[in-house]
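Text of upload_27.cif, listed as mmCIF, C-alpha atoms:
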```cif
data_input
#
loop_
_atom_site.label_atom_id
_atom_site.label_comp_id
_atom_site.auth_asym_id
_atom_site.auth_seq_id
_atom_site.Cartn_x
_atom_site.Cartn_y
_atom_site.Cartn_z
CA LYS A 935 1.90 43.28 33.04
CA ARG A 936 -1.80 43.86 33.05
CA ILE A 937 -4.04 40.84 32.99
CA LEU A 938 -7.55 40.78 31.65
CA ILE A 939 -9.86 38.90 33.99
CA VAL A 940 -13.51 39.57 33.30
CA ASN A 941 -16.05 37.80 35.45
CA VAL A 942 -18.96 38.57 37.68
CA PHE A 943 -16.79 38.74 40.81
CA CYS A 944 -14.66 41.52 39.34
CA LEU A 945 -17.70 43.52 38.31
CA LEU A 946 -19.42 43.03 41.65
CA GLY A 947 -16.22 44.08 43.40
CA ASN A 948 -16.13 47.31 41.43
CA MET A 949 -19.76 47.98 42.29
CA ALA A 950 -19.20 47.41 46.01
CA ILE A 951 -16.10 49.57 46.21
CA LEU A 952 -17.46 52.46 44.17
CA GLY A 953 -20.81 52.32 45.88
CA SER A 954 -19.26 52.66 49.32
CA GLY A 955 -16.68 55.24 48.28
CA ILE A 956 -12.98 54.91 47.54
CA GLU A 957 -9.93 57.01 48.21
CA TYR A 958 -7.79 58.90 45.76
CA ASN A 959 -4.62 60.47 47.21
CA GLY A 960 -6.20 60.40 50.66
CA THR A 961 -9.51 61.96 49.59
CA LYS A 962 -12.66 59.91 50.09
CA LEU A 963 -14.68 59.71 46.89
CA SER A 964 -18.22 58.58 46.35
CA LEU A 965 -20.64 58.80 43.47
CA ASN A 966 -21.57 62.39 42.56
CA THR A 967 -19.06 63.86 45.00
CA GLU A 968 -18.65 67.60 44.60
CA PHE A 969 -15.46 69.48 45.41
CA SER A 970 -14.67 73.14 45.68
CA ARG A 971 -11.91 74.66 43.60
CA SER A 972 -8.98 76.54 45.11
CA GLU A 973 -6.97 79.19 43.31
CA ILE A 974 -3.24 78.78 43.83
CA GLY A 975 -1.93 81.59 41.65
CA GLU A 976 -2.31 83.65 38.51
CA THR A 977 -0.47 83.56 35.21
CA ASN A 978 0.56 86.50 33.08
CA LYS A 979 -2.09 87.08 30.40
CA ASN A 980 0.63 88.19 27.99
CA ASP A 981 2.21 84.74 28.19
CA ILE A 982 -0.91 82.60 28.27
CA THR A 983 -4.05 83.57 26.41
CA GLU A 984 -5.86 80.23 26.11
CA VAL A 985 -4.47 77.15 27.85
CA SER A 986 -5.65 74.05 26.06
CA GLY A 987 -3.17 71.52 27.47
CA MET A 988 -1.44 70.94 30.79
CA ALA A 989 0.83 68.19 32.15
CA CYS A 990 2.90 67.67 35.28
CA SER A 991 6.64 67.52 34.71
CA ARG A 992 8.18 64.13 35.53
CA VAL A 993 11.78 65.28 35.06
CA THR A 994 11.40 68.37 37.28
CA PRO A 995 8.68 67.63 39.88
CA GLY A 996 6.63 70.57 41.11
CA TYR A 997 6.35 72.21 37.70
CA PHE A 998 3.71 72.12 34.98
CA TRP A 999 3.93 72.26 31.20
CA VAL A 1000 1.21 74.28 29.44
CA GLN A 1001 0.59 75.33 25.87
CA ASN A 1002 -1.51 77.97 24.19
CA ASP A 1003 -4.22 76.88 21.81
CA GLU A 1004 -2.82 79.01 18.99
CA GLY A 1005 0.01 81.45 18.41
CA VAL A 1006 3.73 81.01 19.08
CA GLU A 1007 5.52 77.71 18.60
CA ASN A 1008 6.53 77.13 22.18
CA ILE A 1009 5.25 75.68 25.42
CA LEU A 1010 5.73 77.09 28.90
CA ALA A 1011 6.84 75.64 32.22
CA LEU A 1012 5.02 77.08 35.26
CA ASN A 1013 5.75 76.70 38.94
CA GLN A 1014 3.06 75.83 41.45
CA ASN A 1015 2.10 79.49 41.87
CA GLY A 1016 1.40 79.88 38.16
CA ASN A 1017 4.55 81.90 37.45
CA LYS A 1018 6.45 81.25 34.23
CA ALA A 1019 9.68 79.37 34.88
CA MET A 1020 10.84 78.61 31.34
CA THR A 1021 9.88 79.02 27.68
CA LEU A 1022 10.53 75.95 25.56
CA THR A 1023 10.70 76.52 21.80
CA LEU A 1024 9.74 73.55 19.63
CA ASN A 1025 11.78 73.17 16.44
CA GLY A 1026 10.16 71.15 13.69
CA THR A 1027 6.47 71.90 14.14
CA THR A 1028 4.46 72.76 11.04
CA ASN A 1029 1.11 74.44 10.45
CA ARG A 1030 0.90 75.98 13.91
CA ASP A 1031 -2.83 75.73 14.49
CA ASP A 1032 -5.01 74.38 17.25
CA TRP A 1033 -2.57 72.69 19.62
CA GLU A 1034 -5.07 71.04 21.92
CA ASP A 1035 -3.44 68.84 24.58
CA LEU A 1036 -0.24 67.82 26.35
CA CYS A 1037 0.64 64.62 28.17
CA VAL A 1038 3.77 63.01 29.56
CA GLY A 1039 4.89 59.41 29.78
CA GLU A 1040 7.76 56.97 29.89
CA TYR A 1041 9.00 55.01 26.90
CA ASN A 1042 12.11 52.79 26.88
CA GLY A 1043 13.13 54.20 30.25
CA LYS A 1044 12.97 57.84 29.14
CA GLN A 1045 10.41 60.55 29.83
CA TYR A 1046 8.65 62.07 26.83
CA LEU A 1047 6.34 65.00 26.26
CA PHE A 1048 3.54 64.52 23.73
CA LEU A 1049 1.68 67.38 22.06
CA GLY A 1050 -1.59 66.92 20.20
CA ALA A 1051 -1.87 69.23 17.18
CA PHE A 1052 -5.28 68.03 16.13
CA GLY A 1053 -7.99 70.60 16.75
CA ASP A 1054 -10.41 70.69 13.81
CA ASN A 1055 -13.52 72.71 14.66
CA ASP A 1056 -14.48 73.05 11.01
CA LEU A 1057 -13.91 69.35 10.24
CA VAL A 1058 -11.77 70.02 7.18
CA LYS A 1059 -8.49 68.20 7.88
CA GLU A 1060 -7.48 64.84 6.45
CA ASN A 1061 -4.73 64.01 8.95
CA TYR A 1062 -3.62 65.03 12.44
CA ILE A 1063 -0.32 65.19 14.31
CA ILE A 1064 1.17 64.10 17.64
CA TYR A 1065 4.54 65.78 18.28
CA TYR A 1066 6.89 64.08 20.71
CA PHE A 1067 10.29 64.81 22.26
CA LEU A 1068 12.34 63.94 25.33
CA GLU A 1069 11.20 66.02 28.29
CA PRO A 1070 13.96 68.49 29.21
CA GLU A 1071 14.90 69.58 32.71
CA ILE A 1072 13.34 72.88 33.69
CA LYS A 1073 16.26 75.19 34.35
CA GLY A 1074 17.09 78.62 33.03
CA SER A 1075 14.53 80.93 31.45
CA SER A 1076 14.51 79.43 27.95
CA ALA A 1077 15.47 76.36 25.96
CA SER A 1078 14.70 74.68 22.64
CA VAL A 1079 14.16 71.10 21.49
CA ASN A 1080 13.82 69.31 18.17
CA VAL A 1081 10.54 67.44 17.82
CA GLU A 1082 9.47 64.32 15.96
CA LYS A 1083 5.92 63.69 14.79
CA ILE A 1084 3.37 60.97 14.22
CA ILE A 1085 0.78 61.62 11.51
CA PHE A 1086 -2.52 59.81 11.93
CA GLY A 1087 -6.05 59.57 10.60
CA PHE A 1088 -9.29 57.95 11.69
CA PRO A 1089 -10.52 54.50 10.62
CA ASP A 1090 -13.60 56.00 8.93
CA ASN A 1091 -11.36 58.31 6.85
CA LYS A 1092 -13.41 61.28 8.02
CA ALA A 1093 -12.47 64.49 9.80
CA HIS A 1094 -12.87 64.59 13.60
CA ASN A 1095 -12.42 67.36 16.13
CA ILE A 1096 -10.10 66.32 18.99
CA GLU A 1097 -9.07 67.95 22.25
CA THR A 1098 -8.02 64.94 24.37
CA LEU A 1099 -4.69 63.08 24.25
CA MET A 1100 -3.75 60.50 26.89
CA TYR A 1101 -0.76 58.17 27.19
CA ASP A 1102 -0.50 54.90 29.09
CA PRO A 1103 3.19 54.08 29.81
CA ILE A 1104 2.41 50.48 30.75
CA GLU A 1105 0.95 49.62 27.35
CA GLU A 1106 2.94 52.40 25.61
CA MET A 1107 -0.32 53.45 24.03
CA PHE A 1108 -1.98 56.73 23.10
CA TYR A 1109 -5.68 57.11 23.84
CA ILE A 1110 -7.55 59.79 21.94
CA VAL A 1111 -11.17 60.87 22.41
CA ASP A 1112 -12.95 62.95 19.81
CA LYS A 1113 -15.06 65.96 20.73
CA VAL A 1114 -18.65 65.71 19.57
CA LYS A 1115 -21.23 68.38 20.41
CA ASN A 1116 -24.72 67.07 21.20
CA GLY A 1117 -23.62 63.55 20.35
CA VAL A 1118 -21.52 60.67 21.63
CA CYS A 1119 -17.73 60.85 21.89
CA THR A 1120 -15.63 57.86 20.85
CA ALA A 1121 -12.32 56.59 22.26
CA TYR A 1122 -9.48 55.47 19.95
CA SER A 1123 -6.00 54.06 20.47
CA LEU A 1124 -2.62 54.16 18.76
CA LYS A 1125 0.58 52.37 19.79
CA PHE A 1126 3.49 54.73 20.41
CA LYS A 1127 6.48 53.97 18.21
CA THR A 1128 9.42 56.12 17.16
CA ASP A 1129 9.87 54.52 13.73
CA TYR A 1130 6.51 55.18 12.07
CA VAL A 1131 6.56 55.98 8.36
CA GLY A 1132 3.60 57.56 6.63
CA THR A 1133 0.12 58.05 8.05
CA GLN A 1134 -1.13 55.76 10.82
CA LYS A 1135 -4.74 54.73 11.43
CA LEU A 1136 -6.29 54.93 14.89
CA THR A 1137 -8.07 51.87 16.27
CA GLU A 1138 -11.62 52.53 17.44
CA ILE A 1139 -12.32 51.25 20.95
CA CYS A 1140 -15.88 52.19 21.82
CA THR A 1141 -18.23 55.08 22.47
CA MET A 1142 -17.82 56.78 25.83
CA GLY A 1143 -20.25 56.04 28.64
CA GLN A 1144 -23.08 53.59 28.95
CA GLU A 1145 -26.50 53.62 27.37
CA GLY A 1146 -28.43 56.65 28.56
CA GLU A 1147 -25.29 58.24 30.06
CA GLU A 1148 -23.13 58.83 27.03
CA PHE A 1149 -20.55 61.62 27.10
CA ASP A 1150 -20.53 64.50 24.68
CA PHE A 1151 -18.15 67.42 24.22
CA ILE A 1152 -15.12 65.83 25.91
CA THR A 1153 -12.36 68.43 26.11
CA ALA A 1154 -9.63 66.88 28.32
CA GLY A 1155 -8.42 63.65 29.88
CA ASP A 1156 -5.50 61.89 31.53
CA ILE A 1157 -4.31 58.50 32.80
CA SER A 1158 -2.59 58.03 36.15
CA GLN A 1159 0.96 56.67 36.14
CA ASP A 1160 -0.10 53.41 37.81
CA GLY A 1161 -2.92 52.83 35.33
CA HIS A 1162 -5.62 52.69 38.01
CA TRP A 1163 -7.38 55.88 36.96
CA ILE A 1164 -8.68 57.60 33.87
CA ILE A 1165 -10.21 61.04 34.07
CA VAL A 1166 -12.13 62.67 31.22
CA LYS A 1167 -13.85 66.04 31.32
CA ASN A 1168 -16.68 67.65 29.45
CA LYS A 1169 -18.41 71.00 30.01
CA LYS A 1170 -20.37 69.76 33.03
CA CYS A 1171 -18.12 67.54 35.08
CA CYS A 1172 -15.04 65.38 35.43
CA HIS A 1173 -15.56 61.64 35.14
CA PHE A 1174 -13.22 59.35 37.05
CA LEU A 1175 -12.98 55.77 35.84
CA PHE A 1176 -11.51 53.45 38.45
CA ASN A 1177 -9.62 50.27 37.59
CA ILE A 1178 -9.71 48.00 40.66
CA ILE A 1179 -7.66 45.33 38.86
CA TYR A 1180 -5.25 45.82 36.00
CA PHE A 1181 -7.59 45.82 33.05
CA TYR A 1182 -6.13 46.98 29.81
CA ILE A 1183 -6.92 50.68 29.57
CA SER A 1184 -8.89 50.09 26.37
CA ASN A 1185 -11.29 47.86 28.29
CA MET A 1186 -11.74 50.46 31.03
CA PHE A 1187 -13.41 52.81 28.57
CA CYS A 1188 -16.03 50.18 27.83
CA TRP A 1189 -16.33 47.93 30.87
CA ILE A 1190 -16.30 50.18 33.93
CA PRO A 1191 -19.63 52.02 34.02
CA PHE A 1192 -19.13 54.03 37.22
CA PHE A 1193 -18.26 57.69 37.27
CA ILE A 1194 -17.41 60.03 40.10
CA PHE A 1195 -18.31 63.63 39.45
CA SER A 1196 -15.48 65.53 41.09
CA PHE A 1197 -16.52 68.85 39.63
CA TYR A 1198 -19.97 69.79 38.48
CA ASN A 1199 -20.85 73.15 36.96
CA PRO A 1200 -24.57 73.08 36.11
CA LEU A 1201 -24.65 76.61 34.72
CA ASN A 1202 -21.48 76.14 32.67
CA THR A 1203 -20.19 79.48 33.95
CA TYR A 1204 -16.48 80.19 34.11
CA ARG A 1205 -14.87 83.30 35.55
CA HIS A 1206 -12.41 84.82 33.11
CA PRO A 1207 -9.60 86.69 34.88
CA SER A 1208 -9.30 90.30 33.84
#
```
The structure given in the file should be rewritten as structure tokens.
Amino acid sequence: KRILIVNVFCLLGNMAILGSGIEYNGTKLSLNTEFSRSEIGETNKNDITEVSGMACSRVTPGYFWVQNDEGVENILALNQNGNKAMTLTLNGTTNRDDWEDLCVGEYNGKQYLFLGAFGDNDLVKENYIIYYFLEPEIKGSSASVNVEKIIFGFPDNKAHNIETLMYDPIEEMFYIVDKVKNGVCTAYSLKFKTDYVGTQKLTEICTMGQEGEEFDFITAGDISQDGHWIIVKNKKCCHFLFNIIYFYISNMFCWIPFFIFSFYNPLNTYRHPS
């Protein structure tokens, strides 16, 4: 269980560790660290036109789940070279439009896949959907699953554009960040349950970042399995939030003001493969 211990010693400890650099998977990190990117493979442009969500398989390690932003009602499993390993058809989805993110996580001892169908660039929708289903083993070239869904809305009863869905298996909690251009993004939470009826309301946590360093245009995020790390990404960089003790994830968004820029793209230029 996580414990919430907030005092000056904890905050000073975070400052000392982040200031001197910490390690993540054997890589030394420090504030404003820059990394180069390495290409490991290419996907078939006929299969994937616009990837808007990606998650590592927990049931079949070494593979990735990805989904297109719009189009067919399926998701794909890729191997580590980017080659398609399996097509997974989702039965039970409605209004196929703007699937924005994927994440994985454990609930009641079983591994689930979660799909955020909540893109709303025009800010016209009243409610949004998270689809969920047991993660299948990646074997054979195709399979199908039946999906369940959670319908939700925002506490202000207004439309929001969303591209980020995260799941914390320790708290069994979804964390959702809206996408605001030239403004401040806000983090929200929703407990994962399989017996919801009707439309659920998100709980607002806080705005992202600290005063003078707020985040805008957040387009992706994830939480590590051990709960020590959150990563959120906007158009400029990736922001790592490090949890030196087991804070509740919701408090990490607000309390930990240190960010490690693991990728910075000042010109916002991306090479599109031909």
Compile the contact shell of range 979-984 of chain A as a PyMOL selection string: residues with an atom at most 12 Å away, counting all atoms listed in the file, same-chain residues fewer than 2 positions apart removed. chain A and resi 976-977+986-988+999-1006+1008-1012+1016-1021+1032-1035+1206-1208
Please identify every residue of range 1040-1130 of chain A that has at least one atom no farther than 10 Å from an atom of range 1147-1158 of chain A, counting only C-alpha atoms, and for each give the shortest atom pair and the distance in Å to one decimal, arranged by chain then increasing number, as CSV.
```
residue,atom,partner,partner_atom,distance
A:Asn1095,CA,A:Phe1151,CA,9.9
A:Ile1096,CA,A:Thr1153,CA,7.8
A:Glu1097,CA,A:Thr1153,CA,5.1
A:Thr1098,CA,A:Ala1154,CA,4.7
A:Leu1099,CA,A:Gly1155,CA,6.8
A:Met1100,CA,A:Asp1156,CA,5.2
A:Tyr1101,CA,A:Ile1157,CA,6.6
A:Asp1102,CA,A:Ile1157,CA,6.4
A:Pro1103,CA,A:Ile1157,CA,9.2
A:Tyr1109,CA,A:Asp1156,CA,9.1
A:Ile1110,CA,A:Gly1155,CA,8.9
A:Val1111,CA,A:Ile1152,CA,7.2
A:Asp1112,CA,A:Ile1152,CA,7.1
A:Lys1113,CA,A:Phe1151,CA,4.9
A:Val1114,CA,A:Phe1151,CA,5.0
A:Lys1115,CA,A:Phe1151,CA,5.0
A:Asn1116,CA,A:Asp1150,CA,6.0
A:Gly1117,CA,A:Asp1150,CA,5.4
A:Val1118,CA,A:Asp1150,CA,5.0
A:Cys1119,CA,A:Asp1150,CA,5.4
A:Thr1120,CA,A:Phe1149,CA,8.8
```
Cut-off 12 Å: closest range 1068-1138 of chain A/range 1038-1041 of chain A atom pairs per residue, using only C-alpha atoms, as CSV:
```
residue,atom,partner,partner_atom,distance
A:Leu1068,CA,A:Glu1040,CA,9.5
A:Glu1069,CA,A:Val1038,CA,8.1
A:Pro1070,CA,A:Val1038,CA,11.6
A:Leu1099,CA,A:Val1038,CA,10.0
A:Met1100,CA,A:Val1038,CA,8.4
A:Tyr1101,CA,A:Gly1039,CA,6.3
A:Asp1102,CA,A:Gly1039,CA,7.1
A:Pro1103,CA,A:Glu1040,CA,5.4
A:Ile1104,CA,A:Glu1040,CA,8.5
A:Glu1105,CA,A:Tyr1041,CA,9.7
A:Glu1106,CA,A:Tyr1041,CA,6.7
A:Met1107,CA,A:Gly1039,CA,9.8
A:Phe1108,CA,A:Gly1039,CA,9.9
A:Lys1125,CA,A:Tyr1041,CA,11.3
A:Phe1126,CA,A:Tyr1041,CA,8.5
A:Lys1127,CA,A:Tyr1041,CA,9.1
A:Thr1128,CA,A:Tyr1041,CA,9.8
```
Quote the spacing between CA of His1094 in chain A and CA of Lys1059 in chain A in Å to one decimal place. 8.1 Å
Name every residue that the PyMOL selection byres ((chain A and resi 1037) around 6) selects in this structure, writing the answer as a compact mmCIF listing (two decimals) with C-alpha atoms, in the coordinates of the input with chains first and numbers rising.
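Final file, selection24.txt:
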```txt
# COMPACT_ATOMS: atom_id res chain seq x y z
CA ALA A 989 0.83 68.19 32.15
CA LEU A 1036 -0.24 67.82 26.35
CA VAL A 1038 3.77 63.01 29.56
CA PHE A 1048 3.54 64.52 23.73
```
Provide the CA of Tyr1130 in chain A to CA of Ile1084 in chain A distance in Å, to one decimal place.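 Separation of CA of Tyr1130 in chain A and CA of Ile1084 in chain A: 6.9 Å.
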By how many Å are CA of Glu1082 in chain A and CA of Ala1051 in chain A apart?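 Computed distance, CA of Glu1082 in chain A to CA of Ala1051 in chain A, equals 12.4 Å.
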Kindly resolve the PyMOL selection byres ((chain A and resi 1024) around 7) on the present coordinates and return the residues as an mmCIF file with C-alpha atoms, in the coordinates of the input.
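Final output, selection.cif:
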```
data_model
loop_
_atom_site.group_PDB
_atom_site.id
_atom_site.type_symbol
_atom_site.label_atom_id
_atom_site.label_comp_id
_atom_site.auth_asym_id
_atom_site.auth_seq_id
_atom_site.Cartn_x
_atom_site.Cartn_y
_atom_site.Cartn_z
ATOM 1 C CA GLU A 1007 5.520 77.710 18.600
ATOM 2 C CA ASN A 1008 6.530 77.130 22.180
ATOM 3 C CA LEU A 1022 10.530 75.950 25.560
ATOM 4 C CA THR A 1023 10.700 76.520 21.800
ATOM 5 C CA ASN A 1025 11.780 73.170 16.440
ATOM 6 C CA GLY A 1026 10.160 71.150 13.690
ATOM 7 C CA THR A 1027 6.470 71.900 14.140
ATOM 8 C CA SER A 1078 14.700 74.680 22.640
ATOM 9 C CA VAL A 1079 14.160 71.100 21.490
ATOM 10 C CA ASN A 1080 13.820 69.310 18.170
ATOM 11 C CA VAL A 1081 10.540 67.440 17.820
#
```
Could you check which of A:Glu1060, A:Ala1077, A:Pro1089, A:Asn1013 is closest to Gly975 in chain A, using only C-alpha atoms?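 Comparing A:Glu1060, A:Ala1077, A:Pro1089, A:Asn1013 against Gly975 in chain A, the winner is A:Asn1013.
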Which residue out of A:Leu1175, A:Leu1057, A:Leu1049, A:Ile1072 has the minimum interatomic distance to Gly1161 in chain A when only C-alpha atoms are used?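 When distances to Gly1161 in chain A are compared using only C-alpha atoms, the smallest one comes from A:Leu1175.
When all atoms listed in the file are used to measure the gap to Asn1091 in chain A, the shortest distance among A:Gln1014, A:Thr1133, A:Thr1028, A:Asn1055 belongs to A:Thr1133.
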Got a sec: who's within 10 Å of Lys1135 in chain A, counting only C-alpha atoms, leaving out chain neighbours fewer than 6 positions off, as a list of chain:residue names?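 Final neighbour list, sorted by chain and number: A:Asn1061, A:Ile1085, A:Phe1086, A:Gly1087, A:Phe1088, A:Pro1089, A:Asp1090, A:Asn1091, A:Tyr1122, A:Ser1123, A:Leu1124.
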